[in-house]
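Notes to accompany the following structure.
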Amino acid sequence: MDGSEFVLAPWRSQEIIKKAVFGLIEAGAIEEDFSVSKMLADKGIRLKAFSEFKKENLESLRKISVSFRNDGLCLNCPDDDNDGRCRMVAYDDSVREETHCFVILHEYGHIDLGHTQQSAVGEAEAICYA
C-alpha cells in the first residue's frame with residue numbers, strides 16, 4: 001500500500017497543509033532566491049540524488065526508508081553522532097525534473113511530520129504535505 005488509497009480526515013488534511021505552507025513561508029519560500037536544498041541543509045537534512053549512490057547502497061537505503069515511493073526515499077532514524085537523528089532525503093534524478101520538487105517535499109514531509117516508519121497513513125500525510 002502506497003498511501004494513495006488512504007483518505008485523510010478533512011481536519012487532518014487542513015492541519016498538514018497549514019503546517020507545510022507556514023513552514024515554507026517561514027523558511028523563505030516566498031523570496032525570489034529560495035532554494036529547497038538550502039532550506040533542508042539549514043535544518044540539518046542531507047539532500048542526495050540517487051545517482052550519488054552505488055546501486056547496492058541505494059537498495060539498502062530503500063529497505064530502511066520511511067517512504068513507499070520508488071522515486072524518493074527518506075531516512076529519519078536515531079543517530080548518536082548527529083543530535084540524535086540521521087535525516088536524509090534522496091530523489092531519483094533520472095526522472096523528469098518537474099517531479100523532483102514534489103518528491104523532495106513529499107520526503108521532507110515525512111521528516112517534518114515526525115514519521116519514523118512506513119505506513120499507509122504516513123504516505124497519505126506526506127502526499128498531502130507535498
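Letters A, B, ... mark the chains of the C-alpha cells in the order given; residue numbers begin at 1 per chain; ligand numbers begin at 1, in order shown.
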
How would you write, as a compact mmCIF listing (two decimals) with all heavy atoms, in the first residue's frame, the set of residues in chain A that DSSP gives as helix (DSSP H, G or I)?
# COMPACT_ATOMS: atom_id res chain seq x y z
N PRO A 10 -10.75 15.43 6.73
CA PRO A 10 -10.56 16.82 6.29
C PRO A 10 -9.79 17.67 7.30
O PRO A 10 -8.94 18.47 6.92
CB PRO A 10 -11.99 17.33 6.09
CG PRO A 10 -12.79 16.11 5.79
CD PRO A 10 -12.15 15.01 6.60
N TRP A 11 -10.07 17.52 8.59
CA TRP A 11 -9.38 18.32 9.60
C TRP A 11 -7.88 18.01 9.60
O TRP A 11 -7.07 18.91 9.79
CB TRP A 11 -9.97 18.11 11.00
CG TRP A 11 -9.83 16.72 11.54
CD1 TRP A 11 -10.74 15.71 11.42
CD2 TRP A 11 -8.71 16.17 12.23
NE1 TRP A 11 -10.24 14.56 12.01
CE2 TRP A 11 -9.00 14.82 12.52
CE3 TRP A 11 -7.47 16.69 12.64
CZ2 TRP A 11 -8.12 13.98 13.19
CZ3 TRP A 11 -6.60 15.84 13.31
CH2 TRP A 11 -6.92 14.51 13.58
N ARG A 12 -7.52 16.73 9.36
CA ARG A 12 -6.10 16.36 9.34
C ARG A 12 -5.42 16.92 8.09
O ARG A 12 -4.29 17.41 8.16
CB ARG A 12 -5.93 14.83 9.41
CG ARG A 12 -4.49 14.37 9.44
CD ARG A 12 -3.74 14.90 10.66
NE ARG A 12 -2.36 14.42 10.66
CZ ARG A 12 -1.34 15.12 11.12
NH1 ARG A 12 -1.53 16.31 11.65
NH2 ARG A 12 -0.13 14.65 11.08
N SER A 13 -6.09 16.86 6.97
CA SER A 13 -5.55 17.45 5.74
C SER A 13 -5.28 18.93 5.92
O SER A 13 -4.24 19.44 5.51
CB SER A 13 -6.52 17.25 4.57
OG SER A 13 -6.67 15.89 4.27
N GLN A 14 -6.23 19.63 6.56
CA GLN A 14 -6.06 21.06 6.81
C GLN A 14 -4.88 21.34 7.72
O GLN A 14 -4.12 22.28 7.49
CB GLN A 14 -7.34 21.66 7.39
CG GLN A 14 -8.47 21.70 6.39
CD GLN A 14 -9.80 22.08 7.01
OE1 GLN A 14 -9.93 22.25 8.22
NE2 GLN A 14 -10.82 22.23 6.17
N GLU A 15 -4.70 20.53 8.77
CA GLU A 15 -3.55 20.69 9.67
C GLU A 15 -2.23 20.55 8.91
O GLU A 15 -1.30 21.32 9.11
CB GLU A 15 -3.58 19.63 10.78
CG GLU A 15 -4.51 19.88 11.90
CD GLU A 15 -4.42 18.79 12.97
OE1 GLU A 15 -3.87 17.69 12.70
OE2 GLU A 15 -4.89 19.04 14.08
N ILE A 16 -2.16 19.53 8.05
CA ILE A 16 -0.93 19.24 7.31
C ILE A 16 -0.63 20.35 6.32
O ILE A 16 0.51 20.82 6.22
CB ILE A 16 -1.03 17.87 6.62
CG1 ILE A 16 -1.06 16.76 7.67
CG2 ILE A 16 0.12 17.66 5.64
CD1 ILE A 16 -1.44 15.40 7.14
N ILE A 17 -1.64 20.79 5.58
CA ILE A 17 -1.44 21.87 4.61
C ILE A 17 -0.98 23.14 5.31
O ILE A 17 -0.05 23.82 4.86
CB ILE A 17 -2.71 22.10 3.77
CG1 ILE A 17 -2.96 20.88 2.87
CG2 ILE A 17 -2.61 23.38 2.96
CD1 ILE A 17 -4.34 20.84 2.24
N LYS A 18 -1.61 23.46 6.43
CA LYS A 18 -1.23 24.65 7.21
C LYS A 18 0.23 24.54 7.66
O LYS A 18 1.00 25.49 7.53
CB LYS A 18 -2.16 24.81 8.40
CG LYS A 18 -1.92 26.04 9.23
CD LYS A 18 -2.94 26.13 10.37
CE LYS A 18 -2.65 27.30 11.25
NZ LYS A 18 -3.61 27.39 12.37
N LYS A 19 0.62 23.39 8.19
CA LYS A 19 1.99 23.18 8.64
C LYS A 19 2.97 23.34 7.48
O LYS A 19 4.00 24.00 7.61
CB LYS A 19 2.13 21.79 9.27
CG LYS A 19 3.52 21.49 9.79
CD LYS A 19 3.55 20.13 10.49
CE LYS A 19 4.88 19.81 11.10
NZ LYS A 19 5.25 20.64 12.24
N ALA A 20 2.65 22.76 6.33
CA ALA A 20 3.54 22.85 5.17
C ALA A 20 3.67 24.29 4.67
O ALA A 20 4.78 24.78 4.45
CB ALA A 20 3.03 21.94 4.05
N VAL A 21 2.54 24.97 4.50
CA VAL A 21 2.56 26.33 3.97
C VAL A 21 3.29 27.28 4.91
O VAL A 21 4.19 28.02 4.50
CB VAL A 21 1.13 26.83 3.67
CG1 VAL A 21 1.12 28.32 3.36
CG2 VAL A 21 0.54 26.04 2.50
N PHE A 22 2.93 27.26 6.20
CA PHE A 22 3.58 28.17 7.14
C PHE A 22 5.05 27.84 7.31
O PHE A 22 5.89 28.74 7.46
CB PHE A 22 2.85 28.19 8.48
CG PHE A 22 1.54 28.93 8.44
CD1 PHE A 22 0.38 28.34 8.90
CD2 PHE A 22 1.46 30.23 7.94
CE1 PHE A 22 -0.83 29.02 8.85
CE2 PHE A 22 0.27 30.92 7.90
CZ PHE A 22 -0.90 30.31 8.36
N GLY A 23 5.39 26.55 7.27
CA GLY A 23 6.79 26.15 7.37
C GLY A 23 7.61 26.64 6.19
O GLY A 23 8.74 27.12 6.34
N LEU A 24 7.04 26.55 4.99
CA LEU A 24 7.74 27.01 3.79
C LEU A 24 7.87 28.54 3.80
O LEU A 24 8.91 29.08 3.42
CB LEU A 24 7.04 26.53 2.53
CG LEU A 24 7.24 25.04 2.24
CD1 LEU A 24 6.28 24.59 1.14
CD2 LEU A 24 8.68 24.75 1.85
N ILE A 25 6.84 29.23 4.22
CA ILE A 25 6.91 30.70 4.30
C ILE A 25 7.99 31.10 5.30
O ILE A 25 8.82 31.97 5.03
CB ILE A 25 5.54 31.31 4.67
CG1 ILE A 25 4.58 31.15 3.49
CG2 ILE A 25 5.68 32.78 5.06
CD1 ILE A 25 3.13 31.50 3.81
N GLU A 26 7.99 30.45 6.46
CA GLU A 26 9.00 30.75 7.48
C GLU A 26 10.41 30.48 6.97
O GLU A 26 11.36 31.19 7.30
CB GLU A 26 8.74 29.89 8.73
CG GLU A 26 9.67 30.20 9.88
CD GLU A 26 9.34 29.35 11.09
OE1 GLU A 26 8.18 29.41 11.55
OE2 GLU A 26 10.23 28.63 11.56
N VAL A 36 15.18 24.98 -2.06
CA VAL A 36 14.76 23.85 -1.23
C VAL A 36 15.98 23.16 -0.64
O VAL A 36 15.98 22.79 0.53
CB VAL A 36 13.89 22.85 -2.03
CG1 VAL A 36 13.64 21.58 -1.22
CG2 VAL A 36 12.58 23.49 -2.43
N SER A 37 17.02 23.00 -1.43
CA SER A 37 18.22 22.31 -0.92
C SER A 37 18.86 23.10 0.22
O SER A 37 19.30 22.52 1.22
CB SER A 37 19.23 22.05 -2.04
OG SER A 37 19.61 23.25 -2.65
N LYS A 38 18.86 24.43 0.14
CA LYS A 38 19.40 25.25 1.24
C LYS A 38 18.49 25.15 2.46
O LYS A 38 18.97 25.05 3.60
CB LYS A 38 19.55 26.71 0.81
CG LYS A 38 20.16 27.59 1.90
CD LYS A 38 20.30 29.02 1.47
CE LYS A 38 20.86 29.93 2.51
NZ LYS A 38 20.52 29.70 3.89
N MET A 39 17.18 25.14 2.26
CA MET A 39 16.26 25.00 3.37
C MET A 39 16.52 23.69 4.13
O MET A 39 16.61 23.68 5.36
CB MET A 39 14.80 25.02 2.89
CG MET A 39 13.79 24.80 4.01
SD MET A 39 12.10 24.48 3.44
CE MET A 39 12.23 22.77 2.91
N LEU A 40 16.67 22.62 3.39
CA LEU A 40 16.94 21.32 4.02
C LEU A 40 18.27 21.34 4.75
O LEU A 40 18.38 20.87 5.89
CB LEU A 40 16.90 20.20 2.99
CG LEU A 40 15.53 19.93 2.34
CD1 LEU A 40 15.64 18.83 1.30
CD2 LEU A 40 14.47 19.60 3.37
N ALA A 41 19.30 21.89 4.11
CA ALA A 41 20.63 21.96 4.74
C ALA A 41 20.56 22.77 6.03
O ALA A 41 21.17 22.39 7.04
CB ALA A 41 21.64 22.56 3.78
N ASP A 42 19.82 23.88 6.02
CA ASP A 42 19.68 24.70 7.22
C ASP A 42 19.00 23.95 8.36
O ASP A 42 19.19 24.27 9.52
CB ASP A 42 18.88 25.98 6.91
CG ASP A 42 19.65 26.97 6.05
OD1 ASP A 42 20.87 26.80 5.88
OD2 ASP A 42 19.01 27.92 5.55
N PHE A 50 19.77 10.10 -6.42
CA PHE A 50 20.02 8.66 -6.49
C PHE A 50 21.35 8.36 -7.19
O PHE A 50 22.03 7.40 -6.84
CB PHE A 50 18.90 7.95 -7.24
CG PHE A 50 17.66 7.69 -6.43
CD1 PHE A 50 17.48 8.21 -5.15
CD2 PHE A 50 16.64 6.92 -6.95
CE1 PHE A 50 16.33 7.97 -4.41
CE2 PHE A 50 15.49 6.66 -6.23
CZ PHE A 50 15.33 7.18 -4.96
N SER A 51 21.72 9.18 -8.18
CA SER A 51 22.94 8.92 -8.95
C SER A 51 24.20 9.04 -8.09
O SER A 51 25.27 8.60 -8.51
CB SER A 51 23.04 9.87 -10.15
OG SER A 51 23.11 11.21 -9.71
N GLU A 52 24.08 9.60 -6.90
CA GLU A 52 25.23 9.74 -6.00
C GLU A 52 25.53 8.45 -5.22
O GLU A 52 26.54 8.37 -4.53
CB GLU A 52 24.99 10.88 -4.99
CG GLU A 52 24.86 12.24 -5.64
CD GLU A 52 24.61 13.33 -4.62
OE1 GLU A 52 25.41 13.45 -3.68
OE2 GLU A 52 23.59 14.04 -4.76
N LYS A 55 24.48 1.32 -6.58
CA LYS A 55 23.18 0.64 -6.67
C LYS A 55 22.87 -0.17 -5.42
O LYS A 55 21.77 -0.11 -4.88
CB LYS A 55 23.12 -0.24 -7.92
CG LYS A 55 21.78 -0.86 -8.13
CD LYS A 55 21.73 -1.67 -9.40
CE LYS A 55 20.33 -2.26 -9.55
NZ LYS A 55 20.15 -2.96 -10.79
N GLU A 56 23.85 -0.93 -4.94
CA GLU A 56 23.62 -1.79 -3.77
C GLU A 56 23.36 -0.96 -2.51
O GLU A 56 22.56 -1.33 -1.64
CB GLU A 56 24.76 -2.79 -3.54
CG GLU A 56 26.12 -2.16 -3.33
CD GLU A 56 26.91 -1.89 -4.61
OE1 GLU A 56 26.34 -1.94 -5.72
OE2 GLU A 56 28.11 -1.62 -4.48
N ASN A 57 24.01 0.20 -2.39
CA ASN A 57 23.77 1.07 -1.24
C ASN A 57 22.37 1.69 -1.30
O ASN A 57 21.70 1.83 -0.28
CB ASN A 57 24.83 2.16 -1.15
CG ASN A 57 26.19 1.62 -0.81
OD1 ASN A 57 26.33 0.49 -0.34
ND2 ASN A 57 27.22 2.40 -1.07
N LEU A 58 21.95 2.05 -2.51
CA LEU A 58 20.61 2.62 -2.68
C LEU A 58 19.55 1.60 -2.29
O LEU A 58 18.58 1.93 -1.60
CB LEU A 58 20.42 3.08 -4.13
CG LEU A 58 19.14 3.84 -4.44
CD1 LEU A 58 19.00 5.08 -3.58
CD2 LEU A 58 19.11 4.20 -5.92
N GLU A 59 19.75 0.36 -2.68
CA GLU A 59 18.79 -0.70 -2.33
C GLU A 59 18.74 -0.91 -0.81
O GLU A 59 17.67 -1.12 -0.25
CB GLU A 59 19.13 -2.01 -3.05
CG GLU A 59 18.88 -1.95 -4.55
CD GLU A 59 17.48 -1.46 -4.91
OE1 GLU A 59 16.50 -1.95 -4.33
OE2 GLU A 59 17.37 -0.56 -5.77
N SER A 60 19.89 -0.83 -0.15
CA SER A 60 19.91 -0.95 1.31
C SER A 60 19.17 0.20 1.97
O SER A 60 18.43 0.00 2.95
CB SER A 60 21.35 -0.98 1.83
OG SER A 60 22.01 -2.13 1.37
N LEU A 61 19.33 1.41 1.44
CA LEU A 61 18.63 2.57 1.99
C LEU A 61 17.12 2.47 1.80
O LEU A 61 16.35 2.88 2.67
CB LEU A 61 19.16 3.86 1.36
CG LEU A 61 20.57 4.26 1.76
CD1 LEU A 61 21.04 5.45 0.92
CD2 LEU A 61 20.65 4.59 3.24
N ARG A 62 16.70 1.92 0.67
CA ARG A 62 15.26 1.75 0.41
C ARG A 62 14.61 0.88 1.49
O ARG A 62 13.46 1.09 1.85
CB ARG A 62 15.01 1.12 -0.95
CG ARG A 62 15.19 2.05 -2.11
CD ARG A 62 14.76 1.31 -3.39
NE ARG A 62 15.14 1.99 -4.57
CZ ARG A 62 14.45 3.00 -5.11
NH1 ARG A 62 13.37 3.43 -4.53
NH2 ARG A 62 14.87 3.56 -6.22
N LYS A 63 15.36 -0.09 2.00
CA LYS A 63 14.80 -1.01 3.00
C LYS A 63 14.52 -0.33 4.33
O LYS A 63 13.67 -0.78 5.08
CB LYS A 63 15.76 -2.19 3.21
CG LYS A 63 15.85 -3.10 2.00
CD LYS A 63 16.87 -4.19 2.21
CE LYS A 63 17.02 -5.01 0.94
NZ LYS A 63 18.11 -5.98 1.04
N ILE A 64 15.23 0.75 4.61
CA ILE A 64 15.01 1.44 5.89
C ILE A 64 14.33 2.81 5.71
O ILE A 64 14.13 3.54 6.67
CB ILE A 64 16.34 1.61 6.68
CG1 ILE A 64 17.37 2.42 5.89
CG2 ILE A 64 16.89 0.27 7.09
CD1 ILE A 64 18.60 2.80 6.69
N GLU A 97 12.53 16.25 -14.46
CA GLU A 97 12.89 17.25 -13.47
C GLU A 97 11.67 17.88 -12.80
O GLU A 97 11.72 18.27 -11.64
CB GLU A 97 13.76 18.33 -14.12
CG GLU A 97 14.42 19.23 -13.12
CD GLU A 97 15.43 20.17 -13.75
OE1 GLU A 97 16.01 19.83 -14.79
OE2 GLU A 97 15.62 21.25 -13.19
N GLU A 98 10.55 17.93 -13.51
CA GLU A 98 9.34 18.53 -12.97
C GLU A 98 8.85 17.79 -11.72
O GLU A 98 8.13 18.35 -10.90
CB GLU A 98 8.21 18.55 -14.01
CG GLU A 98 8.49 19.43 -15.21
CD GLU A 98 9.36 18.74 -16.26
OE1 GLU A 98 9.40 17.50 -16.33
OE2 GLU A 98 10.03 19.46 -17.01
N THR A 99 9.20 16.52 -11.58
CA THR A 99 8.73 15.74 -10.44
C THR A 99 9.64 15.88 -9.21
O THR A 99 9.24 15.52 -8.10
CB THR A 99 8.61 14.25 -10.79
OG1 THR A 99 9.90 13.72 -11.07
CG2 THR A 99 7.69 14.03 -11.96
N HIS A 100 10.84 16.40 -9.39
CA HIS A 100 11.80 16.48 -8.28
C HIS A 100 11.25 17.24 -7.08
O HIS A 100 11.39 16.80 -5.94
CB HIS A 100 13.12 17.11 -8.73
CG HIS A 100 13.86 16.30 -9.73
ND1 HIS A 100 15.03 16.72 -10.29
CD2 HIS A 100 13.63 15.09 -10.28
CE1 HIS A 100 15.48 15.82 -11.14
NE2 HIS A 100 14.63 14.82 -11.15
N CYS A 101 10.65 18.39 -7.30
CA CYS A 101 10.17 19.22 -6.20
C CYS A 101 9.10 18.48 -5.39
O CYS A 101 9.15 18.46 -4.17
CB CYS A 101 9.62 20.55 -6.71
SG CYS A 101 9.23 21.71 -5.38
N PHE A 102 8.15 17.84 -6.09
CA PHE A 102 7.11 17.10 -5.37
C PHE A 102 7.73 15.98 -4.54
O PHE A 102 7.41 15.82 -3.36
CB PHE A 102 6.07 16.51 -6.33
CG PHE A 102 5.08 15.62 -5.62
CD1 PHE A 102 4.00 16.17 -4.96
CD2 PHE A 102 5.26 14.25 -5.57
CE1 PHE A 102 3.09 15.37 -4.27
CE2 PHE A 102 4.37 13.44 -4.88
CZ PHE A 102 3.29 14.00 -4.23
N VAL A 103 8.63 15.21 -5.15
CA VAL A 103 9.25 14.08 -4.44
C VAL A 103 10.04 14.57 -3.23
O VAL A 103 9.91 14.02 -2.13
CB VAL A 103 10.15 13.26 -5.39
CG1 VAL A 103 10.95 12.22 -4.63
CG2 VAL A 103 9.32 12.60 -6.49
N ILE A 104 10.83 15.61 -3.42
CA ILE A 104 11.64 16.14 -2.31
C ILE A 104 10.74 16.64 -1.18
O ILE A 104 10.97 16.34 0.00
CB ILE A 104 12.60 17.24 -2.80
CG1 ILE A 104 13.67 16.62 -3.70
CG2 ILE A 104 13.22 17.99 -1.64
CD1 ILE A 104 14.47 17.62 -4.51
N LEU A 105 9.68 17.39 -1.51
CA LEU A 105 8.78 17.89 -0.47
C LEU A 105 7.98 16.76 0.18
O LEU A 105 7.70 16.79 1.38
CB LEU A 105 7.85 18.96 -1.02
CG LEU A 105 8.54 20.30 -1.30
CD1 LEU A 105 7.58 21.27 -1.97
CD2 LEU A 105 9.12 20.90 -0.03
N HIS A 106 7.63 15.74 -0.61
CA HIS A 106 6.96 14.56 -0.05
C HIS A 106 7.86 13.90 1.00
O HIS A 106 7.42 13.63 2.12
CB HIS A 106 6.63 13.57 -1.17
CG HIS A 106 6.13 12.24 -0.69
ND1 HIS A 106 4.80 11.96 -0.57
CD2 HIS A 106 6.80 11.13 -0.30
CE1 HIS A 106 4.65 10.73 -0.12
NE2 HIS A 106 5.86 10.19 0.05
N GLU A 107 9.11 13.67 0.63
CA GLU A 107 10.04 13.02 1.56
C GLU A 107 10.33 13.91 2.76
O GLU A 107 10.39 13.42 3.89
CB GLU A 107 11.33 12.63 0.84
CG GLU A 107 11.14 11.69 -0.35
CD GLU A 107 10.40 10.40 -0.05
OE1 GLU A 107 10.29 10.01 1.13
OE2 GLU A 107 9.92 9.76 -1.00
N TYR A 108 10.49 15.20 2.54
CA TYR A 108 10.69 16.13 3.65
C TYR A 108 9.46 16.13 4.56
O TYR A 108 9.58 16.24 5.79
CB TYR A 108 10.99 17.54 3.15
CG TYR A 108 10.98 18.56 4.25
CD1 TYR A 108 11.89 18.49 5.30
CD2 TYR A 108 10.03 19.57 4.27
CE1 TYR A 108 11.87 19.42 6.33
CE2 TYR A 108 10.00 20.51 5.29
CZ TYR A 108 10.92 20.42 6.32
OH TYR A 108 10.88 21.33 7.35
N GLY A 109 8.28 16.00 3.98
CA GLY A 109 7.05 15.93 4.77
C GLY A 109 7.10 14.82 5.80
O GLY A 109 6.63 15.00 6.93
N HIS A 110 7.65 13.67 5.42
CA HIS A 110 7.79 12.58 6.39
C HIS A 110 8.58 13.06 7.61
O HIS A 110 8.21 12.78 8.75
CB HIS A 110 8.51 11.38 5.77
CG HIS A 110 7.67 10.55 4.86
ND1 HIS A 110 6.56 9.85 5.29
CD2 HIS A 110 7.79 10.28 3.53
CE1 HIS A 110 6.03 9.20 4.28
NE2 HIS A 110 6.76 9.44 3.19
N ILE A 111 9.68 13.76 7.36
CA ILE A 111 10.52 14.24 8.46
C ILE A 111 9.79 15.29 9.28
O ILE A 111 9.74 15.22 10.51
CB ILE A 111 11.87 14.78 7.93
CG1 ILE A 111 12.69 13.64 7.32
CG2 ILE A 111 12.65 15.50 9.03
CD1 ILE A 111 13.93 14.09 6.58
N ASP A 112 9.22 16.30 8.61
CA ASP A 112 8.56 17.39 9.31
C ASP A 112 7.35 16.91 10.11
O ASP A 112 7.03 17.49 11.15
CB ASP A 112 8.15 18.48 8.31
CG ASP A 112 7.90 19.82 8.98
OD1 ASP A 112 8.51 20.11 10.02
OD2 ASP A 112 7.08 20.60 8.44
N ALA A 120 0.57 3.41 5.66
CA ALA A 120 -0.34 3.99 4.68
C ALA A 120 -0.76 5.40 5.11
O ALA A 120 -0.86 6.31 4.28
CB ALA A 120 -1.57 3.10 4.50
N VAL A 121 -1.00 5.59 6.40
CA VAL A 121 -1.37 6.92 6.90
C VAL A 121 -0.23 7.90 6.66
O VAL A 121 -0.44 9.02 6.19
CB VAL A 121 -1.73 6.86 8.41
CG1 VAL A 121 -1.94 8.27 8.96
CG2 VAL A 121 -2.94 6.01 8.64
N GLY A 122 1.01 7.48 6.97
CA GLY A 122 2.17 8.35 6.75
C GLY A 122 2.34 8.74 5.29
O GLY A 122 2.66 9.89 4.98
N GLU A 123 2.12 7.79 4.40
CA GLU A 123 2.21 8.10 2.96
C GLU A 123 1.14 9.10 2.55
O GLU A 123 1.42 10.05 1.82
CB GLU A 123 2.11 6.84 2.11
CG GLU A 123 3.39 6.08 2.00
CD GLU A 123 4.54 6.91 1.45
OE1 GLU A 123 4.46 7.38 0.29
OE2 GLU A 123 5.51 7.12 2.18
N ALA A 124 -0.09 8.89 3.01
CA ALA A 124 -1.17 9.82 2.67
C ALA A 124 -0.85 11.21 3.22
O ALA A 124 -1.09 12.22 2.54
CB ALA A 124 -2.50 9.31 3.23
N GLU A 125 -0.31 11.28 4.44
CA GLU A 125 0.03 12.57 5.01
C GLU A 125 1.15 13.25 4.22
O GLU A 125 1.10 14.46 3.98
CB GLU A 125 0.45 12.40 6.48
CG GLU A 125 -0.71 12.06 7.38
CD GLU A 125 -0.31 11.92 8.84
OE1 GLU A 125 0.90 11.83 9.14
OE2 GLU A 125 -1.22 11.89 9.68
N ALA A 126 2.16 12.49 3.80
CA ALA A 126 3.28 13.07 3.04
C ALA A 126 2.81 13.53 1.66
O ALA A 126 3.30 14.55 1.13
CB ALA A 126 4.42 12.07 2.92
N ILE A 127 1.88 12.80 1.06
CA ILE A 127 1.31 13.22 -0.23
C ILE A 127 0.59 14.55 -0.05
O ILE A 127 0.76 15.48 -0.84
CB ILE A 127 0.36 12.14 -0.80
CG1 ILE A 127 1.17 10.93 -1.28
CG2 ILE A 127 -0.50 12.70 -1.93
CD1 ILE A 127 0.34 9.69 -1.57
N CYS A 128 -0.21 14.66 1.00
CA CYS A 128 -0.92 15.90 1.29
C CYS A 128 0.07 17.04 1.55
O CYS A 128 -0.10 18.15 1.06
CB CYS A 128 -1.82 15.69 2.50
SG CYS A 128 -2.78 17.12 2.99
N TYR A 129 1.12 16.76 2.28
CA TYR A 129 2.13 17.76 2.63
C TYR A 129 2.77 18.34 1.37
O TYR A 129 2.96 19.55 1.27
CB TYR A 129 3.20 17.13 3.52
CG TYR A 129 4.18 18.10 4.11
CD1 TYR A 129 4.03 18.56 5.41
CD2 TYR A 129 5.29 18.54 3.39
CE1 TYR A 129 4.92 19.45 5.98
CE2 TYR A 129 6.19 19.42 3.95
CZ TYR A 129 6.02 19.88 5.23
OH TYR A 129 6.90 20.75 5.78

As a VMD selection string, which residues of region 36-96 of chain A does DSSP assign to strand (DSSP E or B)? chain A and resid 46 to 49 72 to 79 84 to 91

Between A:Ala29, A:Cys86, A:Lys48, A:Asp92, which one has atoms that come closest to Arg69 (chain A), using only C-alpha atoms?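 Distance minimum relative to Arg69 (chain A) lands on A:Asp92.
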
So the first atom is CA of Leu47 (chain A) and the second is CA of Asp71 (chain A); what is the distance between them in Å, to one decimal place? 13.7 Å

CA of Cys77 (chain A) to CA of Thr116 (chain A), straight-line distance in Å: 6.7 Å

Please, what distance in Å, to one decimal, runs between CA of Ile30 (chain A) and CA of Met88 (chain A)? 23.9 Å
